[in-house]
file target-v6.pdb (PDB, C-alpha atoms)
ATOM      1  CA  MET A 284      25.734 -49.254 -60.388
ATOM      2  CA  ASP A 285      26.406 -45.614 -61.011
ATOM      3  CA  ALA A 286      24.091 -44.120 -58.392
ATOM      4  CA  LYS A 287      25.690 -41.428 -56.315
ATOM      5  CA  VAL A 288      26.454 -42.046 -52.674
ATOM      6  CA  ALA A 289      27.404 -40.151 -49.563
ATOM      7  CA  ASP A 290      31.156 -40.205 -49.960
ATOM      8  CA  LYS A 291      30.940 -39.660 -53.669
ATOM      9  CA  GLU A 292      30.774 -36.296 -55.254
ATOM     10  CA  PHE A 293      27.504 -34.421 -55.434
ATOM     11  CA  ALA A 294      27.530 -32.166 -58.457
ATOM     12  CA  ILE A 295      24.875 -30.330 -60.443
ATOM     13  CA  ALA A 296      25.761 -29.128 -63.927
ATOM     14  CA  GLY A 297      29.425 -29.777 -63.179
ATOM     15  CA  LYS A 298      29.416 -27.681 -59.995
ATOM     16  CA  LYS A 299      30.435 -29.613 -56.905
ATOM     17  CA  PHE A 300      28.656 -29.273 -53.584
ATOM     18  CA  SER A 301      29.607 -30.786 -50.260
ATOM     19  CA  SER A 302      26.033 -30.627 -48.924
ATOM     20  CA  ARG A 303      23.132 -32.599 -50.362
ATOM     21  CA  PHE A 304      20.666 -30.400 -48.521
ATOM     22  CA  LEU A 305      18.976 -27.541 -50.382
ATOM     23  CA  ILE A 306      16.898 -25.320 -48.142
ATOM     24  CA  GLY A 307      14.187 -22.702 -48.616
ATOM     25  CA  THR A 308      13.965 -19.245 -47.050
ATOM     26  CA  SER A 309      10.213 -18.966 -46.498
ATOM     27  CA  ARG A 310       7.948 -19.092 -43.449
ATOM     28  CA  TYR A 311      10.497 -18.912 -40.622
ATOM     29  CA  PRO A 312       9.350 -17.227 -37.410
ATOM     30  CA  ASN A 313      11.877 -14.442 -38.021
ATOM     31  CA  GLN A 314      15.025 -13.598 -39.931
ATOM     32  CA  GLN A 315      17.446 -14.657 -37.202
ATOM     33  CA  VAL A 316      15.858 -18.096 -36.934
ATOM     34  CA  MET A 317      16.076 -18.402 -40.710
ATOM     35  CA  MET A 318      19.767 -17.537 -40.710
ATOM     36  CA  ASP A 319      20.499 -19.918 -37.824
ATOM     37  CA  ALA A 320      18.507 -22.722 -39.454
ATOM     38  CA  ILE A 321      20.292 -22.294 -42.785
ATOM     39  CA  GLN A 322      23.587 -22.344 -40.909
ATOM     40  CA  ALA A 323      22.626 -25.504 -39.019
ATOM     41  CA  SER A 324      21.475 -27.186 -42.235
ATOM     42  CA  GLY A 325      24.914 -26.932 -43.769
ATOM     43  CA  ALA A 326      23.180 -26.120 -47.074
ATOM     44  CA  GLU A 327      25.095 -24.331 -49.800
ATOM     45  CA  ILE A 328      22.135 -23.915 -52.138
ATOM     46  CA  VAL A 329      19.324 -21.730 -50.810
ATOM     47  CA  THR A 330      16.081 -21.140 -52.677
ATOM     48  CA  VAL A 331      14.423 -17.765 -53.148
ATOM     49  CA  ALA A 332      11.441 -16.467 -55.109
ATOM     50  CA  VAL A 333      10.752 -13.612 -57.504
ATOM     51  CA  ARG A 334       7.841 -11.271 -56.784
ATOM     52  CA  ARG A 335       6.566  -7.889 -57.865
ATOM     53  CA  VAL A 336       8.038  -5.034 -55.861
ATOM     54  CA  SER A 337       5.196  -3.829 -53.673
ATOM     55  CA  GLN A 338       4.560  -0.149 -53.160
ATOM     56  CA  ASP A 339       4.874  -0.333 -49.383
ATOM     57  CA  SER A 340       8.031  -2.418 -49.098
ATOM     58  CA  GLY A 341      11.464  -1.150 -49.902
ATOM     59  CA  GLY A 342      12.663  -4.649 -50.712
ATOM     60  CA  GLU A 343      13.502  -7.470 -48.380
ATOM     61  CA  GLY A 344      17.251  -7.157 -48.654
ATOM     62  CA  LEU A 345      17.435 -10.917 -49.021
ATOM     63  CA  TYR A 346      19.969 -10.650 -51.792
ATOM     64  CA  ASP A 347      22.341  -8.646 -49.599
ATOM     65  CA  LEU A 348      21.717 -10.966 -46.663
ATOM     66  CA  LEU A 349      22.409 -14.275 -48.411
ATOM     67  CA  GLY A 350      23.914 -13.514 -51.798
ATOM     68  CA  GLU A 351      27.549 -13.602 -50.775
ATOM     69  CA  SER A 352      27.559 -16.748 -48.643
ATOM     70  CA  PHE A 353      25.166 -19.010 -50.528
ATOM     71  CA  HIS A 354      24.349 -20.204 -53.997
ATOM     72  CA  LEU A 355      20.936 -18.565 -54.430
ATOM     73  CA  LEU A 356      18.548 -20.676 -56.474
ATOM     74  CA  PRO A 357      15.511 -18.742 -57.694
ATOM     75  CA  ASN A 358      12.235 -20.597 -58.141
ATOM     76  CA  THR A 359       9.276 -19.961 -60.399
ATOM     77  CA  ALA A 360       6.741 -20.719 -57.663
ATOM     78  CA  GLY A 361       3.227 -19.536 -58.393
ATOM     79  CA  CYS A 362       3.558 -19.849 -62.177
ATOM     80  CA  PHE A 363       0.732 -21.698 -63.924
ATOM     81  CA  THR A 364       1.969 -21.409 -67.494
ATOM     82  CA  ALA A 365       5.218 -22.054 -69.312
ATOM     83  CA  GLN A 366       5.157 -18.451 -70.502
ATOM     84  CA  ASP A 367       5.028 -17.021 -66.956
ATOM     85  CA  ALA A 368       7.672 -19.467 -65.740
ATOM     86  CA  VAL A 369      10.081 -18.587 -68.535
ATOM     87  CA  LEU A 370       9.723 -14.836 -67.933
ATOM     88  CA  THR A 371      10.128 -15.372 -64.173
ATOM     89  CA  ALA A 372      13.306 -17.361 -64.808
ATOM     90  CA  GLU A 373      14.620 -14.632 -67.085
ATOM     91  CA  LEU A 374      13.865 -11.954 -64.478
ATOM     92  CA  ALA A 375      15.590 -14.070 -61.827
ATOM     93  CA  ARG A 376      18.616 -14.452 -64.079
ATOM     94  CA  GLU A 377      18.820 -10.686 -64.404
ATOM     95  CA  ALA A 378      18.215 -10.040 -60.693
ATOM     96  CA  LEU A 379      20.671 -12.654 -59.396
ATOM     97  CA  GLU A 380      23.070 -13.028 -62.288
ATOM     98  CA  THR A 381      22.483 -16.756 -62.277
ATOM     99  CA  ASN A 382      21.231 -18.986 -65.054
ATOM    100  CA  TRP A 383      20.116 -21.620 -62.536
ATOM    101  CA  VAL A 384      16.408 -22.000 -61.905
ATOM    102  CA  LYS A 385      14.184 -24.231 -59.824
ATOM    103  CA  LEU A 386      11.404 -24.642 -62.341
ATOM    104  CA  GLU A 387       7.902 -24.892 -60.892
ATOM    105  CA  VAL A 388       4.825 -24.821 -63.084
ATOM    106  CA  ILE A 389       1.806 -25.776 -61.037
ATOM    107  CA  GLY A 390      -1.647 -26.907 -62.047
ATOM    108  CA  ASP A 391      -3.756 -25.578 -59.183
ATOM    109  CA  ASP A 392      -3.574 -23.918 -55.784
ATOM    110  CA  GLU A 393      -4.963 -26.783 -53.692
ATOM    111  CA  THR A 394      -2.553 -29.561 -54.622
ATOM    112  CA  LEU A 395       0.321 -27.503 -56.056
ATOM    113  CA  PHE A 396       0.950 -30.504 -58.283
ATOM    114  CA  PRO A 397       2.956 -29.759 -61.411
ATOM    115  CA  ASP A 398       1.216 -29.164 -64.726
ATOM    116  CA  VAL A 399       3.319 -31.648 -66.635
ATOM    117  CA  GLU A 400       2.443 -30.345 -70.086
ATOM    118  CA  GLN A 401       3.419 -26.769 -69.200
ATOM    119  CA  LEU A 402       6.427 -27.937 -67.188
ATOM    120  CA  LEU A 403       7.916 -29.864 -70.115
ATOM    121  CA  ARG A 404       7.317 -26.935 -72.442
ATOM    122  CA  ALA A 405       8.976 -24.481 -70.032
ATOM    123  CA  ALA A 406      11.901 -26.837 -69.408
ATOM    124  CA  GLU A 407      12.519 -27.212 -73.118
ATOM    125  CA  GLU A 408      12.433 -23.471 -73.676
ATOM    126  CA  LEU A 409      14.696 -22.657 -70.733
ATOM    127  CA  VAL A 410      17.257 -25.316 -71.654
ATOM    128  CA  ALA A 411      17.326 -23.851 -75.161
ATOM    129  CA  LYS A 412      17.946 -20.420 -73.637
ATOM    130  CA  GLY A 413      20.947 -21.749 -71.737
ATOM    131  CA  PHE A 414      19.442 -22.153 -68.272
ATOM    132  CA  VAL A 415      20.498 -24.777 -65.753
ATOM    133  CA  VAL A 416      17.026 -26.179 -65.127
ATOM    134  CA  LEU A 417      16.094 -28.009 -61.925
ATOM    135  CA  PRO A 418      12.460 -28.998 -62.382
ATOM    136  CA  TYR A 419      10.016 -29.725 -59.560
ATOM    137  CA  CYS A 420       8.041 -32.637 -60.979
ATOM    138  CA  ASN A 421       5.797 -35.559 -60.147
ATOM    139  CA  ASP A 422       7.317 -38.809 -58.920
ATOM    140  CA  ASP A 423       6.475 -40.198 -62.330
ATOM    141  CA  PRO A 424       9.350 -42.044 -64.007
ATOM    142  CA  ILE A 425       8.153 -41.195 -67.512
ATOM    143  CA  THR A 426       8.038 -37.445 -66.843
ATOM    144  CA  CYS A 427      11.387 -37.597 -65.074
ATOM    145  CA  LYS A 428      12.956 -39.367 -68.035
ATOM    146  CA  LYS A 429      11.506 -36.796 -70.419
ATOM    147  CA  LEU A 430      12.978 -33.986 -68.305
ATOM    148  CA  GLU A 431      16.342 -35.714 -68.370
ATOM    149  CA  ASP A 432      16.170 -36.119 -72.148
ATOM    150  CA  ILE A 433      15.255 -32.445 -72.569
ATOM    151  CA  GLY A 434      18.554 -31.531 -70.942
ATOM    152  CA  CYS A 435      17.658 -30.547 -67.382
ATOM    153  CA  ALA A 436      20.494 -30.501 -64.836
ATOM    154  CA  ALA A 437      18.711 -32.503 -62.131
ATOM    155  CA  ILE A 438      15.355 -34.128 -61.517
ATOM    156  CA  MET A 439      13.357 -32.945 -58.511
ATOM    157  CA  PRO A 440      10.392 -35.235 -57.911
ATOM    158  CA  LEU A 441       7.968 -34.548 -55.096
ATOM    159  CA  ALA A 442       7.624 -37.173 -52.373
ATOM    160  CA  ALA A 443       4.247 -35.766 -51.298
ATOM    161  CA  PRO A 444       2.445 -32.442 -51.868
ATOM    162  CA  ILE A 445       4.387 -29.253 -51.083
ATOM    163  CA  GLY A 446       4.158 -28.361 -47.409
ATOM    164  CA  SER A 447       2.205 -31.532 -46.561
ATOM    165  CA  GLY A 448       4.957 -33.187 -44.522
ATOM    166  CA  MET A 449       3.515 -36.542 -45.591
ATOM    167  CA  GLY A 450       6.891 -38.132 -46.248
ATOM    168  CA  ILE A 451       7.898 -40.521 -49.018
ATOM    169  CA  ARG A 452       4.491 -41.642 -50.355
ATOM    170  CA  ASN A 453       5.785 -43.729 -53.214
ATOM    171  CA  PRO A 454       9.224 -45.163 -52.526
ATOM    172  CA  TYR A 455       8.923 -47.615 -55.414
ATOM    173  CA  ASN A 456       8.520 -44.821 -57.930
ATOM    174  CA  LEU A 457      11.603 -43.102 -56.533
ATOM    175  CA  ARG A 458      13.506 -46.369 -56.930
ATOM    176  CA  ILE A 459      12.370 -46.698 -60.527
ATOM    177  CA  ILE A 460      13.302 -43.073 -61.206
ATOM    178  CA  ARG A 461      16.723 -43.767 -59.666
ATOM    179  CA  GLU A 462      17.207 -46.709 -61.986
ATOM    180  CA  GLN A 463      15.915 -44.934 -65.081
ATOM    181  CA  CYS A 464      17.664 -41.575 -64.711
ATOM    182  CA  THR A 465      21.355 -40.792 -64.511
ATOM    183  CA  LEU A 466      20.915 -37.150 -63.463
ATOM    184  CA  PRO A 467      21.057 -36.150 -59.804
ATOM    185  CA  ILE A 468      17.681 -36.780 -58.155
ATOM    186  CA  ILE A 469      16.656 -34.300 -55.497
ATOM    187  CA  VAL A 470      13.477 -34.986 -53.571
ATOM    188  CA  ASP A 471      11.636 -31.684 -53.559
ATOM    189  CA  ALA A 472       8.533 -31.441 -51.389
ATOM    190  CA  GLY A 473       6.764 -33.679 -48.918
ATOM    191  CA  VAL A 474       9.571 -34.401 -46.466
ATOM    192  CA  GLY A 475       8.218 -33.953 -42.934
ATOM    193  CA  THR A 476      10.985 -35.106 -40.648
ATOM    194  CA  ALA A 477      14.524 -36.432 -40.614
ATOM    195  CA  SER A 478      13.612 -40.072 -41.214
ATOM    196  CA  ASP A 479      11.802 -39.087 -44.425
ATOM    197  CA  ALA A 480      14.992 -37.452 -45.659
ATOM    198  CA  ALA A 481      16.992 -40.534 -44.687
ATOM    199  CA  ILE A 482      14.591 -42.818 -46.567
ATOM    200  CA  ALA A 483      14.920 -40.735 -49.733
ATOM    201  CA  LEU A 484      18.696 -41.020 -49.613
ATOM    202  CA  GLU A 485      18.484 -44.746 -48.763
ATOM    203  CA  LEU A 486      16.477 -45.177 -51.967
ATOM    204  CA  GLY A 487      19.380 -43.697 -53.896
ATOM    205  CA  CYS A 488      18.244 -40.109 -54.241
ATOM    206  CA  ASP A 489      21.104 -37.626 -54.258
ATOM    207  CA  GLY A 490      19.693 -34.782 -52.227
ATOM    208  CA  ILE A 491      16.741 -33.123 -50.538
ATOM    209  CA  LEU A 492      15.158 -29.736 -51.087
ATOM    210  CA  LEU A 493      12.799 -28.652 -48.347
ATOM    211  CA  ASN A 494      11.484 -25.603 -46.555
ATOM    212  CA  THR A 495       8.301 -26.054 -44.528
ATOM    213  CA  ALA A 496       9.494 -29.062 -42.516
ATOM    214  CA  VAL A 497      12.267 -26.927 -41.040
ATOM    215  CA  ALA A 498      10.640 -23.479 -41.009
ATOM    216  CA  GLY A 499       7.429 -24.820 -39.481
ATOM    217  CA  ALA A 500       9.031 -27.054 -36.844
ATOM    218  CA  ARG A 501       8.735 -26.012 -33.201
ATOM    219  CA  ASP A 502      12.515 -25.545 -33.224
ATOM    220  CA  PRO A 503      13.569 -24.844 -36.820
ATOM    221  CA  VAL A 504      17.289 -24.710 -36.031
ATOM    222  CA  LYS A 505      17.232 -28.122 -34.366
ATOM    223  CA  MET A 506      15.141 -29.578 -37.185
ATOM    224  CA  ALA A 507      17.622 -28.216 -39.742
ATOM    225  CA  LYS A 508      20.352 -30.106 -37.940
ATOM    226  CA  ALA A 509      18.198 -33.244 -37.743
ATOM    227  CA  MET A 510      17.556 -33.078 -41.488
ATOM    228  CA  ARG A 511      21.243 -32.633 -42.203
ATOM    229  CA  LEU A 512      22.055 -35.729 -40.157
ATOM    230  CA  GLY A 513      19.168 -37.680 -41.691
ATOM    231  CA  ILE A 514      20.438 -36.900 -45.180
ATOM    232  CA  GLU A 515      23.941 -37.884 -44.190
ATOM    233  CA  ALA A 516      22.795 -41.120 -42.542
ATOM    234  CA  GLY A 517      20.606 -42.063 -45.503
ATOM    235  CA  GLY A 518      23.440 -41.436 -47.933
ATOM    236  CA  TYR A 519      25.832 -43.641 -45.998
ATOM    237  CA  ALA A 520      23.184 -46.370 -45.643
ATOM    238  CA  PHE A 521      22.598 -46.394 -49.391
ATOM    239  CA  GLU A 522      26.315 -46.545 -50.006
ATOM    240  CA  ALA A 523      26.744 -49.346 -47.468
ATOM    241  CA  GLY A 524      23.908 -51.401 -48.965
ATOM    242  CA  ARG A 525      21.098 -52.627 -46.748
ATOM    243  CA  ILE A 526      20.622 -56.313 -45.978
ATOM    244  CA  PRO A 527      17.789 -58.154 -47.728
ATOM    245  CA  ARG A 528      14.470 -58.276 -45.877
ATOM    246  CA  ARG A 529      13.598 -61.745 -44.506
ATOM    247  CA  LEU A 530      10.338 -63.009 -43.120
ATOM    248  CA  TYR A 531      11.970 -65.272 -40.501
ATOM    249  CA  ALA A 532      14.733 -64.696 -37.986
ATOM    250  CA  LYS A 533      18.372 -65.415 -38.664
ATOM    251  CA  ALA A 534      20.527 -65.687 -35.550
ATOM    252  CA  SER A 535      23.274 -63.137 -35.365
ATOM    253  CA  THR A 536      25.117 -65.052 -32.640
ATOM    254  CA  PRO A 537      26.728 -68.272 -33.951
ATOM    255  CA  THR A 538      24.885 -71.355 -32.642
ATOM    256  CA  ASP A 539      27.987 -73.608 -32.564
ATOM    257  CA  GLY A 540      29.058 -74.485 -29.022
ATOM    258  CA  ALA A 541      25.887 -73.347 -27.324
ATOM    259  CA  ILE A 542      25.137 -75.610 -24.353
ATOM    260  CA  LYS A 543      22.279 -78.048 -24.677
ATOM    261  CA  LEU A 544      21.039 -79.821 -21.531
TER     262      LEU A 544
ATOM    263  CA  MET B  30      -8.006  10.243 -71.992
ATOM    264  CA  SER B  31      -4.383  10.583 -70.927
ATOM    265  CA  GLU B  32      -1.783   8.043 -71.892
ATOM    266  CA  MET B  33      -1.500   5.162 -69.448
ATOM    267  CA  ILE B  34       0.984   2.428 -68.618
ATOM    268  CA  SER B  35       0.640  -0.641 -66.439
ATOM    269  CA  VAL B  36       3.160  -1.080 -63.639
ATOM    270  CA  ASN B  37       2.969  -4.434 -61.868
ATOM    271  CA  GLY B  38      -0.592  -4.774 -63.050
ATOM    272  CA  VAL B  39      -1.704  -1.315 -61.889
ATOM    273  CA  LEU B  40      -2.638   1.345 -64.440
ATOM    274  CA  GLN B  41      -1.057   4.741 -64.004
ATOM    275  CA  PRO B  42      -0.597   7.859 -66.145
ATOM    276  CA  LEU B  43       2.469   7.871 -68.372
ATOM    277  CA  ASN B  44       4.446  10.467 -66.459
ATOM    278  CA  TYR B  45       7.905   9.276 -67.384
ATOM    279  CA  LEU B  46       9.921   9.466 -70.574
ATOM    280  CA  LYS B  47      12.418   6.788 -69.590
ATOM    281  CA  LEU B  48      12.135   3.513 -67.716
ATOM    282  CA  PHE B  49      14.850   4.666 -65.343
ATOM    283  CA  ASP B  50      12.704   7.599 -64.135
ATOM    284  CA  LEU B  51       9.788   5.313 -63.348
ATOM    285  CA  LEU B  52      12.091   2.948 -61.463
ATOM    286  CA  GLU B  53      13.615   5.763 -59.479
ATOM    287  CA  ASP B  54      10.151   6.903 -58.420
ATOM    288  CA  SER B  55       9.331   3.291 -57.497
ATOM    289  CA  GLY B  56      12.280   3.196 -55.120
ATOM    290  CA  VAL B  57      14.479   1.050 -57.358
ATOM    291  CA  ASP B  58      17.954   2.302 -58.104
ATOM    292  CA  GLY B  59      20.533   0.962 -60.504
ATOM    293  CA  ARG B  60      22.948  -0.223 -57.833
ATOM    294  CA  GLN B  61      20.451  -2.353 -55.928
ATOM    295  CA  GLY B  62      20.942  -6.097 -56.263
ATOM    296  CA  GLY B  63      18.169  -8.660 -56.507
ATOM    297  CA  VAL B  64      15.918  -6.541 -58.717
ATOM    298  CA  ALA B  65      14.873  -6.988 -62.346
ATOM    299  CA  VAL B  66      12.544  -5.318 -64.815
ATOM    300  CA  ALA B  67      10.544  -6.534 -67.798
ATOM    301  CA  LEU B  68       8.922  -4.342 -70.423
ATOM    302  CA  ASN B  69       6.104  -5.949 -72.414
ATOM    303  CA  GLY B  70       7.264  -9.426 -71.466
ATOM    304  CA  GLU B  71      10.941  -8.903 -72.225
ATOM    305  CA  VAL B  72      13.625  -8.430 -69.600
ATOM    306  CA  VAL B  73      15.351  -5.052 -69.817
ATOM    307  CA  PRO B  74      18.975  -5.416 -68.712
ATOM    308  CA  ARG B  75      20.038  -3.015 -65.985
ATOM    309  CA  ALA B  76      22.473  -1.287 -68.325
ATOM    310  CA  ASP B  77      19.587  -0.331 -70.637
ATOM    311  CA  TRP B  78      17.233   1.187 -68.044
ATOM    312  CA  ALA B  79      18.401   4.738 -68.687
ATOM    313  CA  GLN B  80      18.011   4.562 -72.475
ATOM    314  CA  THR B  81      14.709   2.668 -72.590
ATOM    315  CA  SER B  82      11.755   4.898 -73.496
ATOM    316  CA  LEU B  83       8.221   4.354 -72.260
ATOM    317  CA  LYS B  84       5.154   4.708 -74.431
ATOM    318  CA  SER B  85       1.417   4.471 -73.983
ATOM    319  CA  ASN B  86       0.044   1.027 -73.038
ATOM    320  CA  ASP B  87       3.446  -0.332 -72.022
ATOM    321  CA  LYS B  88       3.375  -3.080 -69.438
ATOM    322  CA  VAL B  89       6.166  -2.874 -66.875
ATOM    323  CA  GLU B  90       6.984  -5.590 -64.359
ATOM    324  CA  ILE B  91       9.362  -4.691 -61.523
ATOM    325  CA  VAL B  92      10.374  -7.656 -59.413
ATOM    326  CA  GLN B  93      12.685  -8.405 -56.542
ATOM    327  CA  ILE B  94      14.096 -11.469 -54.868
ATOM    328  CA  VAL B  95      12.020 -12.523 -51.860
ATOM    329  CA  ARG B  96      11.784 -15.525 -49.561
ATOM    330  CA  GLY B  97      10.770 -18.744 -51.218
ATOM    331  CA  GLY B  98      10.904 -22.523 -51.022
TER     332      GLY B  98
END
call {"tool": "encode", "arguments": {"input": "target-v6.pdb", "output": "structure tokens"}}
result
Amino acid sequence: MDAKVADKEFAIAGKKFSSRFLIGTSRYPNQQVMMDAIQASGAEIVTVAVRRVSQDSGGEGLYDLLGESFHLLPNTAGCFTAQDAVLTAELAREALETNWVKLEVIGDDETLFPDVEQLLRAAEELVAKGFVVLPYCNDDPITCKKLEDIGCAAIMPLAAPIGSGMGIRNPYNLRIIREQCTLPIIVDAGVGTASDAAIALELGCDGILLNTAVAGARDPVKMAKAMRLGIEAGGYAFEAGRIPRRLYAKASTPTDGAIKL
Amino acid sequence: MSEMISVNGVLQPLNYLKLFDLLEDSGVDGRQGGVAVALNGEVVPRADWAQTSLKSNDKVEIVQIVRGG
């Protein structure tokens, strides 16, 4: 079994990371809470977005705030076509001097589910252009395998819709994806609380990317810590190997020598 | 009708000879990190901003890094 585990190395495109937690920068109550939550998460990879400069804002200064301490991973959120996603990735590469991209190509605004056809096209194009592509995709083993074959650097299946907090809706698919793919698998979207993160790691996934579950929690900093511990616990549990499920009891205390009147 | 360009989807008169001048007026300077520019769907590297000319009907996208998930 070559699946990665907690004590084993976590690497994407040959770059080693000590944290399996990738965290977003959106929707925190304020900047200080965001910084504290990112700190508490232990994350090294932090996601950001690319947007038109608006006339009234002089820029968010996010690059100056986070650029030195974290590996900034730009996303292509909001792109509906391969063409828009590729240009967004190219702009992000210029803005951040990184060829890494979290590739999102969505099909509609209600579900934010990926448009698989456009996603595969964009992935192919970006890989050809030398990008390290981390695609947000469905928890569909066939699509995941295609993304691996295209030459992506990791597979990032959703566990439930973005921002839904619904948890791991299809653990069996994640297991199949784990068995079919050799790339790192990072559950991206759907995690609502620490146990969801633990379950993903227990299934053999390598990492978690989330945003809303931390940013939207009553106490984002505490939730960031909870997620970090959940990821760690799940990784160790996967490595340790869970016992088989049984329908009937099996005494843990030896029965030999028990008194019988 | 005067010559127009589109900047982030908004039409405006072509008042600039070079891309750099437009960017300067848009509050973007060459030293600022986390910013990128595309002209007609192609990224213009920072080093080329000063030499890149603008012409009628050009489409300019000026983007920055913002919060995201």
call {"tool": "interface_residues", "arguments": {"input": "target-v6.pdb", "of": "chain A", "to": "chain B", "cutoff": "8 Å", "atoms": "only C-alpha atoms", "output": "ChimeraX atom specification"}}
result
/A:306-309,330-336,338,341-343,345-347,357-358,360,370,373-375,377-379,493-495
call {"tool": "resolve_selection", "arguments": {"input": "target-v6.pdb", "expression": "the PyMOL selection byres ((chain B and resi 85) around 8)", "output": "ChimeraX atom specification"}}
result
/B:32-34,43,83-84,86-87
call {"tool": "atom_distance", "arguments": {"input": "target-v6.pdb", "atom1": "CA of Glu408 (chain A)", "atom2": "CA of Asp392 (chain A)"}}
result
24.0 Å
call {"tool": "closest_residue", "arguments": {"input": "target-v6.pdb", "among": "A:Pro424, A:Arg310, A:Gly499, A:Cys435", "to": "Ala411 (chain A)", "atoms": "all atoms listed in the file"}}
result
A:Cys435
call {"tool": "atom_distance", "arguments": {"input": "target-v6.pdb", "atom1": "CA of Ser352 (chain A)", "atom2": "CA of Val474 (chain A)"}}
result
25.3 Å
call {"tool": "residues_around", "arguments": {"input": "target-v6.pdb", "residues": "Ser478 (chain A)", "least_positions_apart": "3", "cutoff": "8 Å", "atoms": "only C-alpha atoms", "output": "list of chain:residue names"}}
result
A:Ala481, A:Ile482, A:Gly513
call {"tool": "atom_distance", "arguments": {"input": "target-v6.pdb", "atom1": "CA of Thr394 (chain A)", "atom2": "CA of Gly450 (chain A)"}}
result
15.3 Å
call {"tool": "resolve_selection", "arguments": {"input": "target-v6.pdb", "expression": "the PyMOL selection byres ((chain A and resi 395) around 10)", "output": "PyMOL selection string"}}
result
chain A and resi 360-361+363+387-394+396-398+444-446
call {"tool": "resolve_selection", "arguments": {"input": "target-v6.pdb", "expression": "the PyMOL selection byres ((chain A and resi 516) around 10)", "output": "list of chain:residue names"}}
result
A:Ala289, A:Ala477, A:Ser478, A:Ala480, A:Ala481, A:Ile482, A:Leu484, A:Glu485, A:Met510, A:Arg511, A:Leu512, A:Gly513, A:Ile514, A:Glu515, A:Gly517, A:Gly518, A:Tyr519, A:Ala520, A:Phe521, A:Glu522
call {"tool": "write_last_selection", "arguments": {"input": "target-v6.pdb", "atoms": "C-alpha atoms", "output": "short mmCIF file (atom, residue, chain, number, x, y, z; two decimals), keeping the file's coordinate frame"}}
result
data_model
loop_
_atom_site.label_atom_id
_atom_site.label_comp_id
_atom_site.auth_asym_id
_atom_site.auth_seq_id
_atom_site.Cartn_x
_atom_site.Cartn_y
_atom_site.Cartn_z
CA ALA A 289 27.40 -40.15 -49.56
CA ALA A 477 14.52 -36.43 -40.61
CA SER A 478 13.61 -40.07 -41.21
CA ALA A 480 14.99 -37.45 -45.66
CA ALA A 481 16.99 -40.53 -44.69
CA ILE A 482 14.59 -42.82 -46.57
CA LEU A 484 18.70 -41.02 -49.61
CA GLU A 485 18.48 -44.75 -48.76
CA MET A 510 17.56 -33.08 -41.49
CA ARG A 511 21.24 -32.63 -42.20
CA LEU A 512 22.06 -35.73 -40.16
CA GLY A 513 19.17 -37.68 -41.69
CA ILE A 514 20.44 -36.90 -45.18
CA GLU A 515 23.94 -37.88 -44.19
CA GLY A 517 20.61 -42.06 -45.50
CA GLY A 518 23.44 -41.44 -47.93
CA TYR A 519 25.83 -43.64 -46.00
CA ALA A 520 23.18 -46.37 -45.64
CA PHE A 521 22.60 -46.39 -49.39
CA GLU A 522 26.32 -46.54 -50.01
#
call {"tool": "build_atoms", "arguments": {"input": "target-v6.pdb", "residues": "region 386-393 of chain A", "atoms": "N, CA, C and O atoms", "output": "PDB file, in the frame of the given file"}}
result
ATOM      1  N   LEU A 386      12.583 -24.849 -61.487  1.00  0.00           N
ATOM      2  CA  LEU A 386      11.404 -24.642 -62.341  1.00  0.00           C
ATOM      3  C   LEU A 386      10.166 -25.277 -61.718  1.00  0.00           C
ATOM      4  O   LEU A 386      10.112 -26.489 -61.517  1.00  0.00           O
ATOM      5  N   GLU A 387       9.197 -24.433 -61.404  1.00  0.00           N
ATOM      6  CA  GLU A 387       7.902 -24.892 -60.892  1.00  0.00           C
ATOM      7  C   GLU A 387       6.830 -24.362 -61.814  1.00  0.00           C
ATOM      8  O   GLU A 387       6.752 -23.153 -62.037  1.00  0.00           O
ATOM      9  N   VAL A 388       6.021 -25.250 -62.357  1.00  0.00           N
ATOM     10  CA  VAL A 388       4.825 -24.821 -63.084  1.00  0.00           C
ATOM     11  C   VAL A 388       3.682 -25.660 -62.527  1.00  0.00           C
ATOM     12  O   VAL A 388       3.622 -26.873 -62.762  1.00  0.00           O
ATOM     13  N   ILE A 389       2.818 -25.016 -61.765  1.00  0.00           N
ATOM     14  CA  ILE A 389       1.806 -25.776 -61.037  1.00  0.00           C
ATOM     15  C   ILE A 389       0.464 -25.761 -61.757  1.00  0.00           C
ATOM     16  O   ILE A 389       0.195 -24.910 -62.595  1.00  0.00           O
ATOM     17  N   GLY A 390      -0.350 -26.743 -61.390  1.00  0.00           N
ATOM     18  CA  GLY A 390      -1.647 -26.907 -62.047  1.00  0.00           C
ATOM     19  C   GLY A 390      -2.797 -26.268 -61.293  1.00  0.00           C
ATOM     20  O   GLY A 390      -3.769 -25.817 -61.895  1.00  0.00           O
ATOM     21  N   ASP A 391      -2.724 -26.254 -59.962  1.00  0.00           N
ATOM     22  CA  ASP A 391      -3.756 -25.578 -59.183  1.00  0.00           C
ATOM     23  C   ASP A 391      -3.215 -25.220 -57.797  1.00  0.00           C
ATOM     24  O   ASP A 391      -2.139 -25.659 -57.406  1.00  0.00           O
ATOM     25  N   ASP A 392      -4.022 -24.430 -57.077  1.00  0.00           N
ATOM     26  CA  ASP A 392      -3.574 -23.918 -55.784  1.00  0.00           C
ATOM     27  C   ASP A 392      -3.771 -24.901 -54.630  1.00  0.00           C
ATOM     28  O   ASP A 392      -3.147 -24.760 -53.582  1.00  0.00           O
ATOM     29  N   GLU A 393      -4.669 -25.862 -54.800  1.00  0.00           N
ATOM     30  CA  GLU A 393      -4.963 -26.783 -53.692  1.00  0.00           C
ATOM     31  C   GLU A 393      -3.899 -27.858 -53.546  1.00  0.00           C
ATOM     32  O   GLU A 393      -3.436 -28.158 -52.459  1.00  0.00           O
TER      33      GLU A 393
END
